[in-house]
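See structure below.
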Amino acid sequence: MYPRSPLASIQKFHQELIALRRDLHANPEIGFQEVRTSGIVAGALEALGVEVHRGVGKTGVVGVIRGQRHDSGLSIGLRADMDALPIKEEGDAAYCSTVPGLMHACGHDGHTAILLGTAKYLMQNRDFNGTAVLIFQPAEEGLGGAKAMVDDGLFERFPCDSIYALHNWPALPAGTIGINPGPMMAASDRWEVTVEGRGGHGAHPYQTIDPIVVAAHIVTALQTIVSRNVHPVESAVISLGHIQAGSPTTPSVIPSRAHLVGTVRTFSDTVQKLVESRMRALIASVAEAFGATAELKYHRSYPATINSAQQANFLADVATDLFGAQNVVRDLIPSMGSEDFSFMLQKRPGAYFRLGQGGAEQGRFLHNPKFDFNDEVIPMGSALFAALVERSMPLEK
């Protein structure tokens, strides 16, 4: 087991972290608007004596903690996201969101509290030789806050030999750590198709080029890409999330245009390029066959989140020492969801892991309007982050 677990020390201020988390939950802020949240984070760090840097990547905060010694030249980054979602909360807790239409439906309030717990423990002990960089990131939910921080010189200003992040996971029992030494989250791409036909009267479709029929054939054709072009052992998802054409008030009018919007999820660059290429070919050829035209706009949003094997195995070993092998899943199945921590992993080796919190069995998964973070797992997340610092940068070798 770990020679001196941080868990017991962190549990002594567990209630303090719960109160902070619930305050953040009651006052959610969405991406790049985390003014109050980043102010609370920066203030809490400053109260601990941490070196604080505000405004990194717009509303991001970075705290720098040096160990009792730091002549090793080693450094490690720990990241927590801070933003909420534009979802109306339907929970019944006393600390439910006070901001109409916004809530912490993904648990970033818990992630922030966890990293602040790590900060307090590290400042109380400093049992390491090196520098811990605590990264409080804005705008993870679709706006690329991680990329904003990287573009703002995150790793040039705050060097990190490796970097780690966590995310709560309702599908794992509370306190279970889930990780694997490869893909954890998929790349997320957005696509749009505009079909141009020729509108006319619904009673005389032969005088038109119906874009709705063309769009329907495109949707059907796209479903063959994964089943007939992607290798069976690879993974890909093509989903249509929106289709619009015509108006429900004019059922006898065939419109001239149809618009489709969807997402693509992949784990490898090769599959990602294949899917985009096949989409372009199929969409153009289907439209042409009907005498219409179709334009595909394909936007790559978040890259795949791929763990570095060395860091992932190191984290699994540390978690096993802390919590026991029975509480560590080393071959967690990847998720087709996406995560902008991938931008940081493109720059530095590291690992992204799941902190089980339960709740899926009650239907309260991520982005659910009744979701709430499980406060009981806060000390475990803080302790694992702290142990990564102490184990990767020991005072004595």
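By convention here, the chains of the structure tokens are called A, B, ... in the order presented, each chain's residues are numbered starting at 1, and ligands are numbered starting at 1 in the order presented.
Omitting range 265-267 of chain A and its sequence neighbours fewer than 3 positions away, and counting only C-alpha atoms, the residues within 7 Å are Pro183, Ala186, Ala187, Ser188, Asp189, Ser235, Ala236, Val237, Ile238, Val271, Gln272, Ala304 and Met336 of chain A.
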Worksheet item: What lies within 8 Å of Arg257 in chain A using only C-alpha atoms, ignoring chain neighbours under 2 positions off, as an NGL selection string?
Response: :A and (194-199 or 211-212 or 245-246 or 255 or 259)
Using only C-alpha atoms, find each residue in range 363-385 of chain A having at least one atom no more than 8 Å away from range 100-114 of chain A; report its shortest atom-to-atom pair and that distance in Å (one decimal), rows by chain then rising number, as CSV.
```
residue,atom,partner,partner_atom,distance
A:Leu366,CA,A:Cys106,CA,5.0
A:His367,CA,A:Ala105,CA,4.7
A:Asn368,CA,A:Ala105,CA,6.1
A:Pro369,CA,A:Ala105,CA,6.4
A:Lys370,CA,A:Ala105,CA,7.6
A:Phe371,CA,A:Ala105,CA,5.5
A:Asp372,CA,A:Ala105,CA,6.8
A:Phe373,CA,A:Gly107,CA,5.3
A:Asn374,CA,A:Gly110,CA,7.9
A:Asp375,CA,A:Gly110,CA,7.3
A:Ile378,CA,A:Ile114,CA,5.4
A:Pro379,CA,A:Ile114,CA,7.0
A:Gly381,CA,A:Ile114,CA,5.8
A:Ser382,CA,A:Ile114,CA,4.9
```
Same residues, N, CA and C atoms, output as a PDB file, in the first residue's frame:
```pdb
ATOM      1  N   LEU A 366     -24.711  11.722 -16.839  1.00  0.00           N
ATOM      2  CA  LEU A 366     -24.218  13.052 -17.176  1.00  0.00           C
ATOM      3  C   LEU A 366     -25.182  13.758 -18.134  1.00  0.00           C
ATOM      4  N   HIS A 367     -25.325  15.067 -17.935  1.00  0.00           N
ATOM      5  CA  HIS A 367     -26.163  15.951 -18.744  1.00  0.00           C
ATOM      6  C   HIS A 367     -27.656  15.702 -18.516  1.00  0.00           C
ATOM      7  N   ASN A 368     -27.986  14.988 -17.473  1.00  0.00           N
ATOM      8  CA  ASN A 368     -29.380  14.774 -17.088  1.00  0.00           C
ATOM      9  C   ASN A 368     -29.823  15.939 -16.199  1.00  0.00           C
ATOM     10  N   PRO A 369     -31.045  16.471 -16.373  1.00  0.00           N
ATOM     11  CA  PRO A 369     -31.478  17.617 -15.553  1.00  0.00           C
ATOM     12  C   PRO A 369     -31.610  17.314 -14.070  1.00  0.00           C
ATOM     13  N   LYS A 370     -31.553  16.016 -13.695  1.00  0.00           N
ATOM     14  CA  LYS A 370     -31.592  15.653 -12.277  1.00  0.00           C
ATOM     15  C   LYS A 370     -30.231  15.198 -11.754  1.00  0.00           C
ATOM     16  N   PHE A 371     -29.203  15.385 -12.570  1.00  0.00           N
ATOM     17  CA  PHE A 371     -27.865  14.951 -12.158  1.00  0.00           C
ATOM     18  C   PHE A 371     -27.373  15.756 -10.951  1.00  0.00           C
ATOM     19  N   ASP A 372     -26.606  15.090 -10.101  1.00  0.00           N
ATOM     20  CA  ASP A 372     -25.910  15.775  -9.005  1.00  0.00           C
ATOM     21  C   ASP A 372     -24.630  15.015  -8.711  1.00  0.00           C
ATOM     22  N   PHE A 373     -23.595  15.739  -8.391  1.00  0.00           N
ATOM     23  CA  PHE A 373     -22.312  15.123  -8.074  1.00  0.00           C
ATOM     24  C   PHE A 373     -22.385  14.438  -6.714  1.00  0.00           C
ATOM     25  N   ASN A 374     -21.727  13.296  -6.599  1.00  0.00           N
ATOM     26  CA  ASN A 374     -21.692  12.550  -5.339  1.00  0.00           C
ATOM     27  C   ASN A 374     -20.551  13.074  -4.472  1.00  0.00           C
ATOM     28  N   ASP A 375     -20.897  13.838  -3.436  1.00  0.00           N
ATOM     29  CA  ASP A 375     -19.877  14.477  -2.591  1.00  0.00           C
ATOM     30  C   ASP A 375     -18.988  13.479  -1.862  1.00  0.00           C
ATOM     31  N   ILE A 378     -15.332  12.977  -3.238  1.00  0.00           N
ATOM     32  CA  ILE A 378     -14.393  14.101  -3.347  1.00  0.00           C
ATOM     33  C   ILE A 378     -13.022  13.756  -2.752  1.00  0.00           C
ATOM     34  N   PRO A 379     -12.937  13.227  -1.522  1.00  0.00           N
ATOM     35  CA  PRO A 379     -11.606  12.939  -0.962  1.00  0.00           C
ATOM     36  C   PRO A 379     -10.800  11.949  -1.781  1.00  0.00           C
ATOM     37  N   GLY A 381     -10.845  11.552  -5.095  1.00  0.00           N
ATOM     38  CA  GLY A 381     -10.284  12.265  -6.237  1.00  0.00           C
ATOM     39  C   GLY A 381      -9.120  13.144  -5.837  1.00  0.00           C
ATOM     40  N   SER A 382      -9.283  13.888  -4.734  1.00  0.00           N
ATOM     41  CA  SER A 382      -8.204  14.757  -4.246  1.00  0.00           C
ATOM     42  C   SER A 382      -6.977  13.946  -3.866  1.00  0.00           C
TER      43      SER A 382
END
```
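With only C-alpha atoms as the atoms that count, the minimum distance from Arg4 in chain A to the choices A:Asn125, A:Arg280, A:Asp331, A:Ala42 is reached by A:Asn125.
You can rank A:Gly356, A:Pro138, A:Gly43, A:Pro303 by their closest distance to Leu116 in chain A using only C-alpha atoms, and at the top of that list sits A:Gly43.
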Item to complete: Compare A:Leu345, A:Leu7, A:Ala312, A:Val329 by their minimum atom-to-atom distance to Thr176 in chain A, counting only C-alpha atoms, and give me the closest one.
Response: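 So, comparing all the options, the nearest one is A:Val329.
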Practice prompt. Would you please give, as a list in words, all residues of range 33-98 of chain A that DSSP assigns to alpha helix (DSSP H) based on the backbone?
Written response: Val35, Arg36, Thr37, Ser38, Gly39, Ile40, Val41, Ala42, Gly43, Ala44, Leu45, Glu46, Ala47 and Leu48 of chain A
Practice prompt. Mind the document's chain letters and residue numbers, and return as a PyMOL selection string the residues of range 14-83 of chain A that DSSP labels strand (DSSP E or B).
Written response: chain A and resi 51-56+60-66+69+75-81
Practice prompt. Within 8 Å of range 158-173 of chain A, counting only C-alpha atoms, which residues show up once you throw out same-chain ones fewer than 5 positions away? Write them as JSON, numbers by chain, please.
Written response: {"A": [74, 75, 76, 77, 78, 79, 80, 107, 111, 133, 178, 311, 341, 344, 345, 348, 349, 350, 351, 352, 353, 354, 355, 356, 357, 358, 359, 360, 361, 364, 365, 366, 373, 381]}
Output the selection as a compact mmCIF listing (two decimals), in the first residue's frame - N, CA and C atoms for each residue.
```
# COMPACT_ATOMS: atom_id res chain seq x y z
N LEU A 74 11.46 18.56 -12.00
CA LEU A 74 10.27 17.84 -12.45
C LEU A 74 9.01 18.68 -12.22
N SER A 75 8.01 18.42 -13.04
CA SER A 75 6.74 19.12 -12.89
C SER A 75 5.61 18.24 -13.38
N ILE A 76 4.43 18.43 -12.80
CA ILE A 76 3.26 17.65 -13.16
C ILE A 76 2.05 18.56 -13.19
N GLY A 77 1.19 18.39 -14.19
CA GLY A 77 -0.03 19.18 -14.30
C GLY A 77 -1.25 18.38 -13.89
N LEU A 78 -2.17 19.02 -13.20
CA LEU A 78 -3.44 18.42 -12.80
C LEU A 78 -4.54 19.36 -13.26
N ARG A 79 -5.53 18.83 -13.97
CA ARG A 79 -6.55 19.70 -14.56
C ARG A 79 -7.95 19.38 -14.05
N ALA A 80 -8.73 20.43 -13.78
CA ALA A 80 -10.15 20.31 -13.46
C ALA A 80 -10.92 21.32 -14.30
N GLY A 107 -20.99 17.66 -13.44
CA GLY A 107 -20.14 17.46 -12.28
C GLY A 107 -18.86 18.25 -12.23
N HIS A 111 -15.41 18.42 -9.77
CA HIS A 111 -14.01 18.37 -10.22
C HIS A 111 -13.22 19.55 -9.65
N VAL A 133 1.43 21.89 -11.00
CA VAL A 133 0.69 22.94 -11.71
C VAL A 133 -0.79 22.56 -11.71
N GLY A 178 -11.45 4.16 -13.02
CA GLY A 178 -11.47 3.51 -14.32
C GLY A 178 -10.50 4.18 -15.28
N GLN A 311 1.90 6.80 -18.54
CA GLN A 311 1.19 7.58 -17.50
C GLN A 311 -0.07 6.87 -17.04
N PHE A 341 -9.80 17.89 -23.01
CA PHE A 341 -8.49 17.58 -22.42
C PHE A 341 -7.57 16.97 -23.48
N MET A 344 -4.71 19.08 -24.55
CA MET A 344 -3.56 19.07 -23.66
C MET A 344 -2.74 17.81 -23.85
N LEU A 345 -3.42 16.67 -24.06
CA LEU A 345 -2.70 15.42 -24.29
C LEU A 345 -1.96 15.40 -25.62
N ARG A 348 1.34 17.16 -24.23
CA ARG A 348 2.10 16.54 -23.16
C ARG A 348 1.59 15.11 -22.92
N PRO A 349 2.47 14.19 -22.54
CA PRO A 349 2.01 12.85 -22.18
C PRO A 349 1.19 12.91 -20.90
N GLY A 350 0.20 12.05 -20.80
CA GLY A 350 -0.62 12.09 -19.61
C GLY A 350 -1.73 11.07 -19.65
N ALA A 351 -2.69 11.23 -18.74
CA ALA A 351 -3.77 10.26 -18.64
C ALA A 351 -5.03 10.92 -18.10
N TYR A 352 -6.13 10.45 -18.63
CA TYR A 352 -7.47 10.90 -18.25
C TYR A 352 -8.18 9.69 -17.64
N PHE A 353 -8.74 9.85 -16.45
CA PHE A 353 -9.34 8.71 -15.77
C PHE A 353 -10.73 9.03 -15.26
N ARG A 354 -11.47 7.98 -14.98
CA ARG A 354 -12.83 8.10 -14.45
C ARG A 354 -12.82 7.88 -12.94
N LEU A 355 -13.58 8.70 -12.24
CA LEU A 355 -13.82 8.53 -10.82
C LEU A 355 -15.28 8.10 -10.65
N GLY A 356 -15.49 6.83 -10.32
CA GLY A 356 -16.85 6.32 -10.18
C GLY A 356 -17.61 7.05 -9.09
N GLN A 357 -18.86 7.37 -9.38
CA GLN A 357 -19.68 8.02 -8.35
C GLN A 357 -21.07 7.40 -8.24
N GLY A 358 -21.36 6.37 -9.07
CA GLY A 358 -22.67 5.75 -9.02
C GLY A 358 -23.75 6.70 -9.52
N GLY A 359 -24.99 6.22 -9.52
CA GLY A 359 -26.11 7.06 -9.91
C GLY A 359 -26.76 6.69 -11.22
N ALA A 360 -26.00 6.00 -12.09
CA ALA A 360 -26.57 5.63 -13.39
C ALA A 360 -27.78 4.71 -13.23
N GLU A 361 -27.76 3.91 -12.18
CA GLU A 361 -28.86 2.98 -11.96
C GLU A 361 -30.17 3.71 -11.66
N ARG A 364 -29.61 8.87 -13.50
CA ARG A 364 -29.01 10.21 -13.37
C ARG A 364 -27.61 10.21 -13.95
N PHE A 365 -27.57 10.11 -15.25
CA PHE A 365 -26.28 10.12 -15.93
C PHE A 365 -25.89 11.56 -16.24
N LEU A 366 -24.71 11.72 -16.84
CA LEU A 366 -24.22 13.05 -17.18
C LEU A 366 -25.18 13.76 -18.13
N PHE A 373 -23.59 15.74 -8.39
CA PHE A 373 -22.31 15.12 -8.07
C PHE A 373 -22.39 14.44 -6.71
N GLY A 381 -10.84 11.55 -5.10
CA GLY A 381 -10.28 12.26 -6.24
C GLY A 381 -9.12 13.14 -5.84
```
Please identify all polymer residues within 8 Å of range 387-389 of chain A, counting only C-alpha atoms, omitting same-chain residues fewer than 6 positions from it, and present them as a tab-separated table (two decimals) with C-alpha atoms, in the first residue's frame.
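That gives us around-v5.tsv:
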```
chain	number	residue	atom	x	y	z
A	5	SER	CA	-1.98	7.93	2.04
A	6	PRO	CA	-3.22	11.51	1.55
A	76	ILE	CA	3.26	17.65	-13.16
A	128	PHE	CA	7.66	16.23	-3.04
A	132	ALA	CA	2.69	20.89	-9.21
A	315	LEU	CA	-1.88	6.15	-12.45
A	318	VAL	CA	-0.92	4.54	-7.71
```
Fill in: Residues within 8 Å of Thr37 in chain A, only C-alpha atoms, excluding chain neighbours under 3 positions, as a PyMOL selection string
chain A and resi 24+28-29+34+40-41+82
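Close contacts of range 213-218 of chain A, defined as residues with an atom at most 9 Å away when counting only C-alpha atoms, with chain neighbours fewer than 2 positions off set aside, comprise Val193, Thr194, Val195, Gly197, Ile209, Asp210, Pro211, Thr220, Ala221, Leu222, Gln223, Ile243, Ala258, His259, Leu260, Leu282, Ile283, Val286, Ala287, Ala289, Phe290 and Ala292 of chain A.
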Practice prompt. Between A:His299, A:Ser277, A:Asp321, A:Tyr121, single out the one closest to Ala8 in chain A, counting only C-alpha atoms.
Written response: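 Distance minimum relative to Ala8 in chain A lands on A:Tyr121.
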